[in-house]
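Undergrad: Sharing target_10.csv here; it has CSV, C-alpha atoms.
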```
chain,number,residue,atom,x,y,z
A,11,MET,CA,24.5,50.9,-229.8
A,12,ARG,CA,24.1,54.6,-229.0
A,13,GLN,CA,21.3,54.9,-231.5
A,14,LEU,CA,19.4,52.0,-229.9
A,15,TYR,CA,19.8,53.7,-226.5
A,16,VAL,CA,18.6,57.0,-227.8
A,17,ASP,CA,15.7,55.4,-229.5
A,18,PHE,CA,14.8,53.5,-226.3
A,19,MET,CA,15.0,56.7,-224.2
A,20,SER,CA,12.7,58.6,-226.6
A,21,GLN,CA,10.2,55.8,-226.7
A,22,THR,CA,10.3,55.6,-222.9
A,23,LYS,CA,9.8,59.4,-222.6
A,24,GLU,CA,6.8,59.2,-225.0
A,25,SER,CA,5.3,56.3,-223.1
A,26,LEU,CA,5.7,58.2,-219.8
A,27,GLY,CA,4.2,61.3,-221.4
A,28,ALA,CA,1.2,59.3,-222.5
A,29,LEU,CA,0.9,57.8,-219.1
A,30,ARG,CA,1.0,61.3,-217.5
A,31,THR,CA,-1.7,62.5,-219.9
A,32,GLN,CA,-4.0,59.5,-219.1
A,33,THR,CA,-3.4,60.0,-215.4
A,34,GLN,CA,-4.4,63.6,-215.7
A,35,ASN,CA,-7.5,62.6,-217.5
A,36,VAL,CA,-8.5,60.2,-214.8
A,37,ARG,CA,-7.9,62.8,-212.1
A,38,GLN,CA,-10.1,65.3,-214.0
A,39,LEU,CA,-12.8,62.7,-214.3
A,40,ALA,CA,-12.6,61.9,-210.7
A,41,THR,CA,-12.9,65.6,-209.6
A,42,ALA,CA,-15.4,66.6,-212.3
A,43,GLU,CA,-18.9,67.6,-211.3
A,44,VAL,CA,-21.4,64.8,-211.1
A,45,GLY,CA,-23.3,64.0,-214.2
A,46,ALA,CA,-27.0,64.7,-214.8
A,47,SER,CA,-28.0,61.2,-213.9
A,48,ARG,CA,-26.2,61.4,-210.6
A,49,ALA,CA,-27.6,64.9,-209.9
A,50,TYR,CA,-31.1,63.4,-210.6
A,51,ILE,CA,-30.5,60.7,-208.0
A,52,ILE,CA,-29.2,63.2,-205.5
A,53,ASP,CA,-32.2,65.5,-206.0
A,54,GLY,CA,-34.6,62.5,-205.9
A,55,LYS,CA,-33.1,61.2,-202.7
A,56,SER,CA,-33.5,64.6,-201.1
A,57,LYS,CA,-37.2,64.8,-202.2
A,58,LEU,CA,-38.0,61.2,-201.1
A,59,ASP,CA,-36.3,61.8,-197.7
A,60,THR,CA,-38.3,65.0,-197.2
A,61,ARG,CA,-41.6,63.3,-198.1
A,62,SER,CA,-40.7,60.3,-195.9
A,63,GLN,CA,-39.9,62.5,-192.9
A,64,THR,CA,-43.2,64.4,-193.4
A,65,ILE,CA,-45.1,61.2,-193.4
A,66,LEU,CA,-43.2,59.9,-190.4
A,67,THR,CA,-43.9,63.0,-188.4
A,68,LYS,CA,-47.6,62.9,-189.3
A,69,MET,CA,-47.7,59.2,-188.5
A,70,GLU,CA,-46.1,59.7,-185.1
A,71,GLU,CA,-48.6,62.5,-184.3
A,72,LEU,CA,-51.4,60.2,-185.3
A,73,GLN,CA,-50.1,57.3,-183.2
A,74,ASP,CA,-49.8,59.7,-180.2
A,75,THR,CA,-53.4,60.9,-180.7
A,76,VAL,CA,-54.7,57.3,-181.0
A,77,GLU,CA,-52.9,56.3,-177.9
A,78,ALA,CA,-54.3,59.3,-176.0
A,79,ILE,CA,-57.9,58.5,-177.2
A,80,LYS,CA,-57.4,54.8,-176.3
A,81,GLU,CA,-56.4,55.8,-172.8
A,82,ASP,CA,-59.4,58.1,-172.5
A,83,VAL,CA,-61.8,55.4,-173.7
A,84,LEU,CA,-60.4,52.5,-171.7
A,85,LYS,CA,-59.3,54.2,-168.5
A,86,ARG,CA,-61.5,57.2,-168.2
A,87,ASN,CA,-64.6,55.9,-170.0
A,88,ILE,CA,-64.6,59.1,-172.2
A,89,SER,CA,-65.6,58.9,-175.8
A,90,PRO,CA,-64.0,61.3,-178.3
A,91,ARG,CA,-66.1,64.0,-179.8
A,92,PRO,CA,-67.3,63.5,-183.4
A,93,GLN,CA,-64.9,66.2,-184.6
A,94,VAL,CA,-62.0,64.3,-183.2
A,95,HIS,CA,-63.2,61.1,-184.7
A,96,LYS,CA,-63.5,62.8,-188.2
A,97,SER,CA,-60.1,64.4,-187.8
A,98,ILE,CA,-58.4,61.0,-187.0
A,99,VAL,CA,-60.1,59.3,-189.9
A,100,ALA,CA,-59.0,62.2,-192.2
A,101,ASP,CA,-55.5,61.8,-190.9
A,102,PHE,CA,-55.5,58.1,-191.6
A,103,ASP,CA,-56.7,58.8,-195.1
A,104,PHE,CA,-54.1,61.5,-195.5
A,105,VAL,CA,-51.2,59.3,-194.4
A,106,ASP,CA,-52.5,56.4,-196.6
A,107,SER,CA,-52.7,58.8,-199.6
A,108,GLU,CA,-49.2,60.1,-198.9
A,109,LEU,CA,-47.8,56.6,-198.6
A,110,ASP,CA,-49.4,55.7,-202.0
A,111,LYS,CA,-47.8,58.8,-203.5
A,112,LEU,CA,-44.4,57.9,-202.0
A,113,GLU,CA,-44.7,54.4,-203.3
A,114,ASP,CA,-45.5,55.8,-206.8
A,115,SER,CA,-42.5,58.1,-206.6
A,116,ILE,CA,-40.3,55.2,-205.7
A,117,GLN,CA,-41.6,53.0,-208.5
A,118,THR,CA,-41.1,55.9,-210.9
A,119,VAL,CA,-37.5,56.7,-210.0
A,120,LYS,CA,-36.3,53.1,-209.3
A,121,PRO,CA,-35.8,52.1,-213.0
A,122,THR,CA,-33.9,55.3,-213.8
A,123,TRP,CA,-31.7,55.0,-210.7
A,124,LYS,CA,-30.9,51.3,-211.5
A,125,ILE,CA,-29.8,52.3,-215.0
A,126,THR,CA,-27.6,55.0,-213.5
A,127,TRP,CA,-26.1,52.6,-210.9
A,128,GLU,CA,-25.4,50.1,-213.6
A,129,LYS,CA,-23.6,52.7,-215.7
A,130,GLU,CA,-21.7,54.0,-212.7
A,131,LEU,CA,-20.7,50.5,-211.8
A,132,GLN,CA,-19.6,49.8,-215.3
A,133,ASP,CA,-17.5,53.0,-215.3
A,134,ILE,CA,-15.9,51.9,-212.0
A,135,VAL,CA,-15.0,48.5,-213.4
A,136,GLU,CA,-13.5,50.1,-216.5
A,137,GLU,CA,-11.5,52.5,-214.4
A,138,GLN,CA,-10.2,49.7,-212.2
A,139,GLN,CA,-9.2,47.8,-215.4
A,140,PHE,CA,-7.5,50.9,-216.8
A,141,LEU,CA,-5.6,51.4,-213.5
A,142,SER,CA,-4.5,47.7,-213.4
A,143,HIS,CA,-3.3,48.1,-217.0
A,144,GLN,CA,-1.4,51.2,-216.1
A,145,GLU,CA,0.2,49.4,-213.1
A,146,GLU,CA,1.2,46.5,-215.4
A,147,PHE,CA,2.6,49.0,-217.9
A,148,LEU,CA,4.6,50.7,-215.2
A,149,VAL,CA,6.1,47.4,-214.2
A,150,ASP,CA,7.0,46.6,-217.8
A,151,LEU,CA,8.6,50.0,-218.3
A,152,ARG,CA,10.7,49.6,-215.1
A,153,GLU,CA,11.9,46.1,-216.3
A,154,ASP,CA,12.7,47.7,-219.7
A,155,LEU,CA,14.6,50.5,-218.0
A,156,LYS,CA,16.5,48.0,-215.9
A,157,ALA,CA,17.4,45.9,-218.9
A,158,SER,CA,18.5,48.9,-220.9
A,159,ARG,CA,20.7,50.1,-218.0
A,160,GLU,CA,22.3,46.7,-217.9
A,161,VAL,CA,22.9,46.7,-221.7
A,162,TYR,CA,24.3,50.2,-221.5
A,163,GLY,CA,26.5,49.3,-218.6
A,164,ARG,CA,28.0,46.5,-220.7
A,165,VAL,CA,28.4,48.9,-223.6
A,166,GLU,CA,30.3,51.3,-221.3
A,167,LYS,CA,32.5,48.4,-220.3
A,168,VAL,CA,33.2,47.6,-223.9
A,169,ILE,CA,34.0,51.3,-224.6
A,170,SER,CA,36.3,51.5,-221.6
A,171,LEU,CA,38.1,48.3,-222.6
A,172,ARG,CA,38.6,49.6,-226.1
A,173,GLY,CA,39.8,52.8,-224.8
A,174,THR,CA,42.5,51.2,-222.6
A,175,GLY,CA,43.5,48.6,-225.2
```
Mind converting the file's structure to structure tokens?
TA:
Amino acid sequence: MRQLYVDFMSQTKESLGALRTQTQNVRQLATAEVGASRAYIIDGKSKLDTRSQTILTKMEELQDTVEAIKEDVLKRNISPRPQVHKSIVADFDFVDSELDKLEDSIQTVKPTWKITWEKELQDIVEEQQFLSHQEEFLVDLREDLKASREVYGRVEKVISLRGTG
């Protein structure tokens, strides 16, 4: 009986040690630096955001200019100078060109980002499954411990009965 108890305790210690090691590995993965794919997405987001903001600023300026010219033409009967007209047309072309470039950039990064998201999602699912398995393992070990304590309690009763008999 004592040997069974000693064997059970050593197996339990080994299992708990393995659980601690796996927990440490998960913690390290969780706090590790982001991978190259994630860094690529973060860098790409920053660049896209900067380009979008630049286009937005230029577009707002262009809208303000068009509104001012509209007011001059409709309310004051003043036509813009040819230079202003050329400048506005150039600004329209510039914004259109920048929008095309932004669209190309989005189309270029989108497949790569999707692959990264799919991989990250798969990793998350695997980590959730791992954690669920560990929780089930913990419950099983607690039940085993409880059962072993009960058995050992009975063994102690037998020993105490033998000792008094």
Undergrad: Which is closer to A:Gln63 than all the others in A:Val105, A:Leu29, A:Ala100, A:Val94, using all atoms listed in the file?
TA: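 Answer, going by the shortest atom-to-atom distance: A:Val105.
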Undergrad: Which of these residues is nearest to A:Phe140, using all atoms listed in the file: A:Lys23, A:Leu66, A:Leu171, A:Gln32?
TA: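 Closest to A:Phe140 of all the choices is A:Gln32.
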Undergrad: Can you work out the spacing between atom CA of A:Phe18 and atom CA of A:Val165 in Å, to one decimal?
TA: 14.6 Å
Undergrad: Between A:Asp110, A:Asp103, A:Asp150, A:Glu70, single out the one closest to A:Leu26, counting all atoms listed in the file.
TA: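 Ranking A:Asp110, A:Asp103, A:Asp150, A:Glu70 by distance to A:Leu26, first place goes to A:Asp150.
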Undergrad: Find the nearest atom pair between each residue of stretch 61-158 of chain A and stretch 11-15 of chain A for residues within 12 Å, count all atoms listed in the file, give distances in Å to one decimal, sort rows by chain and ascending number, and present the table as CSV.
TA:
```
residue,atom,partner,partner_atom,distance
A:Asp154,CA,A:Tyr15,CA,11.5
A:Leu155,CA,A:Tyr15,CA,10.5
A:Ala157,CA,A:Tyr15,CA,11.2
A:Ser158,CA,A:Tyr15,CA,7.5
```
Undergrad: Select, from A:Leu72, A:Leu58, A:Val168, A:Ile134, the residue with the minimum atom-to-atom distance to A:Glu113, counting all atoms listed in the file.
TA: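 Of A:Leu72, A:Leu58, A:Val168, A:Ile134, the one nearest A:Glu113, counting all atoms listed in the file, is A:Leu58.
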Undergrad: For a test of reading the model, state the distance in Å between atom CA of A:Lys68 and atom CA of A:Tyr50, rounded to one decimal.
TA: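 Between atom CA of A:Lys68 and atom CA of A:Tyr50 the gap works out to 26.9 Å.
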Undergrad: Between A:Ala78, A:Val16, A:Gln73, A:Val119, which one has atoms that come closest to A:Lys57, using only C-alpha atoms?
TA: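 Nearest candidate to A:Lys57 out of A:Ala78, A:Val16, A:Gln73, A:Val119: A:Val119.
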Undergrad: Enter the distance from atom CA of A:Asp59 to atom CA of A:Thr118, in Å, rounded to one decimal.
TA: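 Separation between atom CA of A:Asp59 and atom CA of A:Thr118: 15.2 Å.
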